[in-house]
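Written below as structure tokens is the structure these notes are about.
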Amino acid sequence: MKISLRQLQIFLAVAQAGSTTAAAELVALSQSAASAALNELEHLLGVQLFDRVGKRLVLNDSGRRLLPQARHMLDLAHTIERQFVDPHAGSELHIGASTTIGSYMLPAMVAAYRRAHAGARVRALVANTADIVAAVVNFEVDAALIEGPCHADDVEVEPWMTDELIVVAAPDHPIVGDGRKISLKQLRQAEWLLREAGSGTREAVEHALIPYLHHLPSSFEFGNSEAIKRATAEGLGISCLSRAVVQDLIESGKLLELPTALPTLRRHFYMVVSSHRAASPSLTALLAFCRYWARLQQPA
């Protein structure tokens, strides 16, 4: 085998940094050594992996084809190192979570996992669903928990838990009225506070409501559910959010769950891993704990 892991590491560094000079700093080599390693890799493969655009190196079709395979190979090598080179040091897992899960569920779950697995280290990345799925595909996280459908290739998607979505408003919002059931016509005429495009919550809310309302007029868009529920409590509009997100403000009386003509709204949360990732024992244990924890949270 003539291709080395070091060559693949330098290839990835160049892809990230855009030049052999910047890549050399990332991998602690001289510029000439990094350039020579990249040239040797291209010679062995018989193709150019980058287009030279001015002073920048930009991945071409061949480079983009190699990129996920190179990441996979280095990920496997890192797994071997963690498991066998220093088996007593413990491994650090990187888990991604879309915003609602990351803000309202992940902290409690990770704390429970660490109590059950002394010495376990977990690093979390929280972003919207689209960005978290991209992190899985690019091997930036070991696994992810998302709150919207996944449209990416090369990933394995498993239903994780069910979440209930409810419609809420401030107690003094005009739609509250005398407590009678809110009609679909009233909901169609209301101003809605929504998550940004690309959010799993936004996609789930649209999927749940549009079949009944046909259109979802947005008065404001926000980058996280916490901002939406606070804005809803201030009377800026009504919103449809996870019960877990708004439960605290409902209990304090700052929000009301609206009785509507809508059916019960539910969505699935999903667990996502790369179909190219070799699951280490520590990752397998974490995924098993995620499933166990989810079962504990579901109503009997």
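Every chain in the structure tokens takes a letter, A first, then B, and so on in the order presented; its residues are numbered from 1, and the ligands are numbered from 1 following the presented order.
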Practice task
List the neighbours of Ser19 in chain A out to 9 Å using only C-alpha atoms; skip same-chain residues closer than 4 positions along the sequence, and give me the result as a list in words.
Solution key: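 Answer for this query is Ala13, Val14, Ala15, Ala23, Ala24, Lys55, Arg56, Leu57 and Val58 of chain A.
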For the selection just defined, write its residues with N, CA, C and O atoms to a file, as a PDB file, in the first residue's frame.
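Here's the written file selection.pdb:
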ATOM      1  N   ALA A  13      -6.087  18.759   5.186  1.00  0.00           N
ATOM      2  CA  ALA A  13      -5.674  20.073   5.676  1.00  0.00           C
ATOM      3  C   ALA A  13      -5.678  21.102   4.547  1.00  0.00           C
ATOM      4  O   ALA A  13      -6.103  22.246   4.732  1.00  0.00           O
ATOM      5  N   VAL A  14      -5.217  20.700   3.366  1.00  0.00           N
ATOM      6  CA  VAL A  14      -5.226  21.606   2.212  1.00  0.00           C
ATOM      7  C   VAL A  14      -6.664  21.923   1.813  1.00  0.00           C
ATOM      8  O   VAL A  14      -7.008  23.072   1.502  1.00  0.00           O
ATOM      9  N   ALA A  15      -7.530  20.915   1.830  1.00  0.00           N
ATOM     10  CA  ALA A  15      -8.937  21.132   1.500  1.00  0.00           C
ATOM     11  C   ALA A  15      -9.572  22.125   2.455  1.00  0.00           C
ATOM     12  O   ALA A  15     -10.403  22.948   2.070  1.00  0.00           O
ATOM     13  N   ALA A  23      -1.981  24.851   5.204  1.00  0.00           N
ATOM     14  CA  ALA A  23      -2.141  23.461   5.628  1.00  0.00           C
ATOM     15  C   ALA A  23      -0.931  22.980   6.418  1.00  0.00           C
ATOM     16  O   ALA A  23      -1.063  22.203   7.368  1.00  0.00           O
ATOM     17  N   ALA A  24       0.256  23.419   6.017  1.00  0.00           N
ATOM     18  CA  ALA A  24       1.475  23.002   6.711  1.00  0.00           C
ATOM     19  C   ALA A  24       1.431  23.398   8.187  1.00  0.00           C
ATOM     20  O   ALA A  24       1.890  22.652   9.058  1.00  0.00           O
ATOM     21  N   LYS A  55      -3.906  32.029  -5.951  1.00  0.00           N
ATOM     22  CA  LYS A  55      -3.042  31.435  -4.934  1.00  0.00           C
ATOM     23  C   LYS A  55      -3.749  30.346  -4.137  1.00  0.00           C
ATOM     24  O   LYS A  55      -3.159  29.746  -3.240  1.00  0.00           O
ATOM     25  N   ARG A  56      -5.017  30.097  -4.440  1.00  0.00           N
ATOM     26  CA  ARG A  56      -5.793  29.120  -3.675  1.00  0.00           C
ATOM     27  C   ARG A  56      -5.869  27.778  -4.391  1.00  0.00           C
ATOM     28  O   ARG A  56      -5.807  27.706  -5.622  1.00  0.00           O
ATOM     29  N   LEU A  57      -5.986  26.732  -3.594  1.00  0.00           N
ATOM     30  CA  LEU A  57      -6.220  25.391  -4.100  1.00  0.00           C
ATOM     31  C   LEU A  57      -7.666  25.027  -3.787  1.00  0.00           C
ATOM     32  O   LEU A  57      -8.069  25.013  -2.617  1.00  0.00           O
ATOM     33  N   VAL A  58      -8.449  24.748  -4.821  1.00  0.00           N
ATOM     34  CA  VAL A  58      -9.881  24.476  -4.681  1.00  0.00           C
ATOM     35  C   VAL A  58     -10.148  23.039  -5.123  1.00  0.00           C
ATOM     36  O   VAL A  58      -9.707  22.617  -6.201  1.00  0.00           O
TER      37      VAL A  58
END
Practice task
Tell me, as an MDAnalysis selection string, which residues lie within 7 Å of range 171-182 of chain A, counting only C-alpha atoms; anything in the same chain fewer than 3 positions away does not count.
Solution key: chainID A and resid 186 235 254:256 259:261
Quick one: write out the picked residues with all heavy atoms as a PDB file, in the first residue's frame?
ATOM      1  N   GLN A 186     -59.311  31.218  12.554  1.00  0.00           N
ATOM      2  CA  GLN A 186     -58.570  32.119  13.435  1.00  0.00           C
ATOM      3  C   GLN A 186     -57.072  31.862  13.365  1.00  0.00           C
ATOM      4  O   GLN A 186     -56.260  32.791  13.370  1.00  0.00           O
ATOM      5  CB  GLN A 186     -59.056  31.952  14.880  1.00  0.00           C
ATOM      6  CG  GLN A 186     -60.442  32.509  15.160  1.00  0.00           C
ATOM      7  CD  GLN A 186     -60.894  32.189  16.569  1.00  0.00           C
ATOM      8  OE1 GLN A 186     -61.229  31.036  16.871  1.00  0.00           O
ATOM      9  NE2 GLN A 186     -60.882  33.192  17.430  1.00  0.00           N
ATOM     10  N   GLY A 235     -46.471  38.704  23.567  1.00  0.00           N
ATOM     11  CA  GLY A 235     -47.641  39.019  22.760  1.00  0.00           C
ATOM     12  C   GLY A 235     -47.365  39.371  21.317  1.00  0.00           C
ATOM     13  O   GLY A 235     -48.237  39.895  20.615  1.00  0.00           O
ATOM     14  N   LYS A 254     -47.126  32.539  32.089  1.00  0.00           N
ATOM     15  CA  LYS A 254     -46.756  33.514  31.065  1.00  0.00           C
ATOM     16  C   LYS A 254     -47.179  33.083  29.658  1.00  0.00           C
ATOM     17  O   LYS A 254     -47.205  33.905  28.740  1.00  0.00           O
ATOM     18  CB  LYS A 254     -45.244  33.760  31.104  1.00  0.00           C
ATOM     19  CG  LYS A 254     -44.787  34.422  32.403  1.00  0.00           C
ATOM     20  CD  LYS A 254     -43.279  34.642  32.412  1.00  0.00           C
ATOM     21  CE  LYS A 254     -42.859  35.318  33.722  1.00  0.00           C
ATOM     22  NZ  LYS A 254     -41.384  35.535  33.774  1.00  0.00           N
ATOM     23  N   LEU A 255     -47.492  31.811  29.491  1.00  0.00           N
ATOM     24  CA  LEU A 255     -48.010  31.295  28.226  1.00  0.00           C
ATOM     25  C   LEU A 255     -49.216  30.426  28.513  1.00  0.00           C
ATOM     26  O   LEU A 255     -49.320  29.800  29.574  1.00  0.00           O
ATOM     27  CB  LEU A 255     -46.946  30.471  27.489  1.00  0.00           C
ATOM     28  CG  LEU A 255     -45.813  31.213  26.781  1.00  0.00           C
ATOM     29  CD1 LEU A 255     -44.822  30.209  26.191  1.00  0.00           C
ATOM     30  CD2 LEU A 255     -46.339  32.140  25.692  1.00  0.00           C
ATOM     31  N   LEU A 256     -50.109  30.349  27.529  1.00  0.00           N
ATOM     32  CA  LEU A 256     -51.258  29.451  27.591  1.00  0.00           C
ATOM     33  C   LEU A 256     -51.204  28.481  26.423  1.00  0.00           C
ATOM     34  O   LEU A 256     -50.885  28.882  25.295  1.00  0.00           O
ATOM     35  CB  LEU A 256     -52.561  30.237  27.516  1.00  0.00           C
ATOM     36  CG  LEU A 256     -52.971  31.078  28.733  1.00  0.00           C
ATOM     37  CD1 LEU A 256     -54.290  31.793  28.427  1.00  0.00           C
ATOM     38  CD2 LEU A 256     -53.114  30.215  29.970  1.00  0.00           C
ATOM     39  N   PRO A 259     -56.482  25.776  23.116  1.00  0.00           N
ATOM     40  CA  PRO A 259     -57.336  24.686  22.638  1.00  0.00           C
ATOM     41  C   PRO A 259     -57.710  24.977  21.190  1.00  0.00           C
ATOM     42  O   PRO A 259     -58.323  26.006  20.892  1.00  0.00           O
ATOM     43  CB  PRO A 259     -58.553  24.777  23.567  1.00  0.00           C
ATOM     44  CG  PRO A 259     -58.617  26.220  23.950  1.00  0.00           C
ATOM     45  CD  PRO A 259     -57.202  26.729  23.985  1.00  0.00           C
ATOM     46  N   THR A 260     -57.311  24.139  20.276  1.00  0.00           N
ATOM     47  CA  THR A 260     -57.541  24.407  18.853  1.00  0.00           C
ATOM     48  C   THR A 260     -58.308  23.270  18.201  1.00  0.00           C
ATOM     49  O   THR A 260     -58.476  22.193  18.785  1.00  0.00           O
ATOM     50  CB  THR A 260     -56.205  24.591  18.098  1.00  0.00           C
ATOM     51  OG1 THR A 260     -55.566  23.308  17.951  1.00  0.00           O
ATOM     52  CG2 THR A 260     -55.269  25.537  18.841  1.00  0.00           C
ATOM     53  N   ALA A 261     -58.741  23.529  16.971  1.00  0.00           N
ATOM     54  CA  ALA A 261     -59.424  22.510  16.176  1.00  0.00           C
ATOM     55  C   ALA A 261     -58.436  21.564  15.502  1.00  0.00           C
ATOM     56  O   ALA A 261     -58.838  20.676  14.750  1.00  0.00           O
ATOM     57  CB  ALA A 261     -60.306  23.187  15.126  1.00  0.00           C
TER      58      ALA A 261
END
Problem - DSSP helix (DSSP H, G or I) residues within range 60-186 of chain A, listed as a PyMOL selection string - result: chain A and resi 61-85+99-104+106-116+129-137+184-186
Problem - Which residue of A:Thr100, A:Phe269, A:Arg123, A:Leu287 approaches Arg195 in chain A most closely, using only C-alpha atoms - result: A:Thr100
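Per DSSP on the backbone, strand (DSSP E) in range 166-297 of chain A comprises Ile166, Val167, Val168, Ala169, Trp192, Leu193, Leu194, Arg195, Ser218, Ser219, Phe220, Glu221, Phe222, Ser239, Cys240, Leu241, Ser242, Leu256, Glu257, Leu265, Arg266, Arg267, His268, Phe269, Tyr270, Met271, Val272, Val273 and Ser274 of chain A.
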Practice task
Find, counting only C-alpha atoms, the residue in A:Pro107, A:Gly253, A:Ser218, A:Leu265 that gets nearest to Ala233 in chain A.
Solution key: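 Nearest candidate to Ala233 in chain A out of A:Pro107, A:Gly253, A:Ser218, A:Leu265: A:Gly253.
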Exercise for the section: Extract, using only C-alpha atoms, all DNA, RNA and protein residues at most 9 Å from Ala70 in chain A, discarding same-chain residues fewer than 5 positions from it, and format them as a ChimeraX atom specification. Expected result: /A:5,8-9,11-12,75
Problem - Close residues, Ala130 in chain A itself excluded, 12 Å, only C-alpha atoms, min 6 positions apart in chain, as a ChimeraX atom specification - result: /A:96-99,136-137,144-152,196-203
Per residue of range 180-299 of chain A within 8 Å of range 154-162 of chain A, note the shortest atom pair and the distance in Å to one decimal, counting only C-alpha atoms, and order the rows by chain and increasing residue number, as a tab-separated table.
residue	atom	partner	partner_atom	distance
A:Arg266	CA	A:Thr162	CA	6.8
A:Arg267	CA	A:Thr162	CA	5.8
A:His268	CA	A:Thr162	CA	4.6
A:Phe269	CA	A:Met161	CA	5.2
A:Tyr270	CA	A:Pro159	CA	4.5
A:Met271	CA	A:Glu158	CA	5.1
A:Val272	CA	A:Val157	CA	4.7
A:Val273	CA	A:Glu156	CA	5.4
A:Ser274	CA	A:Val155	CA	4.3
A:Ser275	CA	A:Val155	CA	4.7
A:His276	CA	A:Asp154	CA	7.0
A:Cys290	CA	A:Trp160	CA	8.0
A:Arg291	CA	A:Trp160	CA	6.5
A:Ala294	CA	A:Met161	CA	5.8
A:Arg295	CA	A:Met161	CA	7.4
A:Gln298	CA	A:Thr162	CA	7.3
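With distances restricted to only C-alpha atoms, A:Leu74 is the closest residue to Asn138 in chain A from A:Ile250, A:Leu74, A:Ala285, A:Ala279.
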Practice task
For Leu29 in chain A, list every protein, DNA or RNA residue within 12 Å, evaluated using only C-alpha atoms, and leave out those in the same chain fewer than 3 positions away; present the list as number ranges by chain.
Solution key: A: 6-7, 9-10, 13, 20-26, 32-37
Please save all heavy atoms of the selected residues as a compact mmCIF listing (two decimals), in the first residue's frame.
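Output (out-v4.txt):
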# COMPACT_ATOMS: atom_id res chain seq x y z
N ARG A 6 -0.65 9.92 6.49
CA ARG A 6 -0.10 11.28 6.56
C ARG A 6 -0.46 12.06 5.31
O ARG A 6 -0.81 13.24 5.37
CB ARG A 6 1.41 11.22 6.75
CG ARG A 6 2.07 12.58 7.02
CD ARG A 6 1.58 13.19 8.31
NE ARG A 6 2.47 14.23 8.79
CZ ARG A 6 2.17 15.11 9.72
NH1 ARG A 6 0.97 15.08 10.28
NH2 ARG A 6 3.04 16.02 10.12
N GLN A 7 -0.38 11.42 4.14
CA GLN A 7 -0.75 12.09 2.89
C GLN A 7 -2.22 12.48 2.91
O GLN A 7 -2.59 13.57 2.48
CB GLN A 7 -0.46 11.17 1.70
CG GLN A 7 1.02 10.99 1.41
CD GLN A 7 1.26 9.89 0.40
OE1 GLN A 7 0.41 9.02 0.20
NE2 GLN A 7 2.41 9.93 -0.25
N GLN A 9 -4.00 13.04 5.58
CA GLN A 9 -4.14 14.11 6.56
C GLN A 9 -3.77 15.46 5.93
O GLN A 9 -4.46 16.46 6.14
CB GLN A 9 -3.25 13.85 7.76
CG GLN A 9 -3.37 14.90 8.87
CD GLN A 9 -2.34 14.70 9.97
OE1 GLN A 9 -1.22 14.25 9.70
NE2 GLN A 9 -2.72 15.03 11.20
N ILE A 10 -2.71 15.48 5.15
CA ILE A 10 -2.29 16.72 4.49
C ILE A 10 -3.30 17.12 3.43
O ILE A 10 -3.64 18.30 3.28
CB ILE A 10 -0.88 16.54 3.89
CG1 ILE A 10 0.14 16.39 5.03
CG2 ILE A 10 -0.53 17.70 2.97
CD1 ILE A 10 1.49 15.88 4.59
N ALA A 13 -6.09 18.76 5.19
CA ALA A 13 -5.67 20.07 5.68
C ALA A 13 -5.68 21.10 4.55
O ALA A 13 -6.10 22.25 4.73
CB ALA A 13 -4.29 19.98 6.31
N THR A 20 -1.17 25.03 0.55
CA THR A 20 -0.23 24.16 1.25
C THR A 20 0.49 24.92 2.37
O THR A 20 0.89 24.32 3.37
CB THR A 20 0.82 23.60 0.27
OG1 THR A 20 1.44 24.68 -0.46
CG2 THR A 20 0.17 22.64 -0.74
N THR A 21 0.62 26.23 2.23
CA THR A 21 1.26 27.01 3.29
C THR A 21 0.43 26.98 4.56
O THR A 21 0.93 26.70 5.66
CB THR A 21 1.45 28.47 2.84
OG1 THR A 21 2.28 28.48 1.66
CG2 THR A 21 2.11 29.30 3.93
N ALA A 22 -0.88 27.26 4.42
CA ALA A 22 -1.75 27.25 5.59
C ALA A 22 -1.93 25.83 6.12
O ALA A 22 -2.01 25.60 7.33
CB ALA A 22 -3.10 27.86 5.24
N ALA A 23 -1.98 24.85 5.20
CA ALA A 23 -2.14 23.46 5.63
C ALA A 23 -0.93 22.98 6.42
O ALA A 23 -1.06 22.20 7.37
CB ALA A 23 -2.36 22.57 4.41
N ALA A 24 0.26 23.42 6.02
CA ALA A 24 1.47 23.00 6.71
C ALA A 24 1.43 23.40 8.19
O ALA A 24 1.89 22.65 9.06
CB ALA A 24 2.69 23.62 6.02
N GLU A 25 0.85 24.56 8.48
CA GLU A 25 0.75 24.99 9.87
C GLU A 25 -0.20 24.09 10.66
O GLU A 25 0.01 23.83 11.84
CB GLU A 25 0.26 26.44 9.93
CG GLU A 25 1.24 27.44 9.32
CD GLU A 25 0.73 28.86 9.41
OE1 GLU A 25 -0.33 29.08 10.03
OE2 GLU A 25 1.40 29.77 8.86
N LEU A 26 -1.24 23.61 10.00
CA LEU A 26 -2.22 22.75 10.68
C LEU A 26 -1.63 21.40 11.05
O LEU A 26 -2.03 20.79 12.05
CB LEU A 26 -3.45 22.54 9.79
CG LEU A 26 -4.30 23.77 9.48
CD1 LEU A 26 -5.44 23.41 8.54
CD2 LEU A 26 -4.87 24.37 10.77
N SER A 32 7.17 23.12 2.11
CA SER A 32 7.72 22.26 1.06
C SER A 32 7.37 20.80 1.31
O SER A 32 7.07 20.05 0.37
CB SER A 32 9.24 22.44 0.97
OG SER A 32 9.86 22.13 2.22
N ALA A 33 7.38 20.37 2.59
CA ALA A 33 7.03 18.99 2.90
C ALA A 33 5.56 18.72 2.64
O ALA A 33 5.19 17.66 2.11
CB ALA A 33 7.37 18.69 4.36
N ALA A 34 4.70 19.67 2.98
CA ALA A 34 3.27 19.50 2.72
C ALA A 34 3.00 19.46 1.23
O ALA A 34 2.21 18.63 0.73
CB ALA A 34 2.48 20.63 3.38
N SER A 35 3.64 20.34 0.49
CA SER A 35 3.46 20.38 -0.97
C SER A 35 3.96 19.08 -1.61
O SER A 35 3.32 18.53 -2.50
CB SER A 35 4.20 21.59 -1.55
OG SER A 35 4.02 21.65 -2.94
N ALA A 36 5.10 18.58 -1.12
CA ALA A 36 5.65 17.33 -1.67
C ALA A 36 4.72 16.16 -1.38
O ALA A 36 4.50 15.29 -2.26
CB ALA A 36 7.03 17.07 -1.08
N ALA A 37 4.14 16.12 -0.20
CA ALA A 37 3.23 15.02 0.16
C ALA A 37 1.98 15.07 -0.71
O ALA A 37 1.49 14.02 -1.17
CB ALA A 37 2.86 15.11 1.63
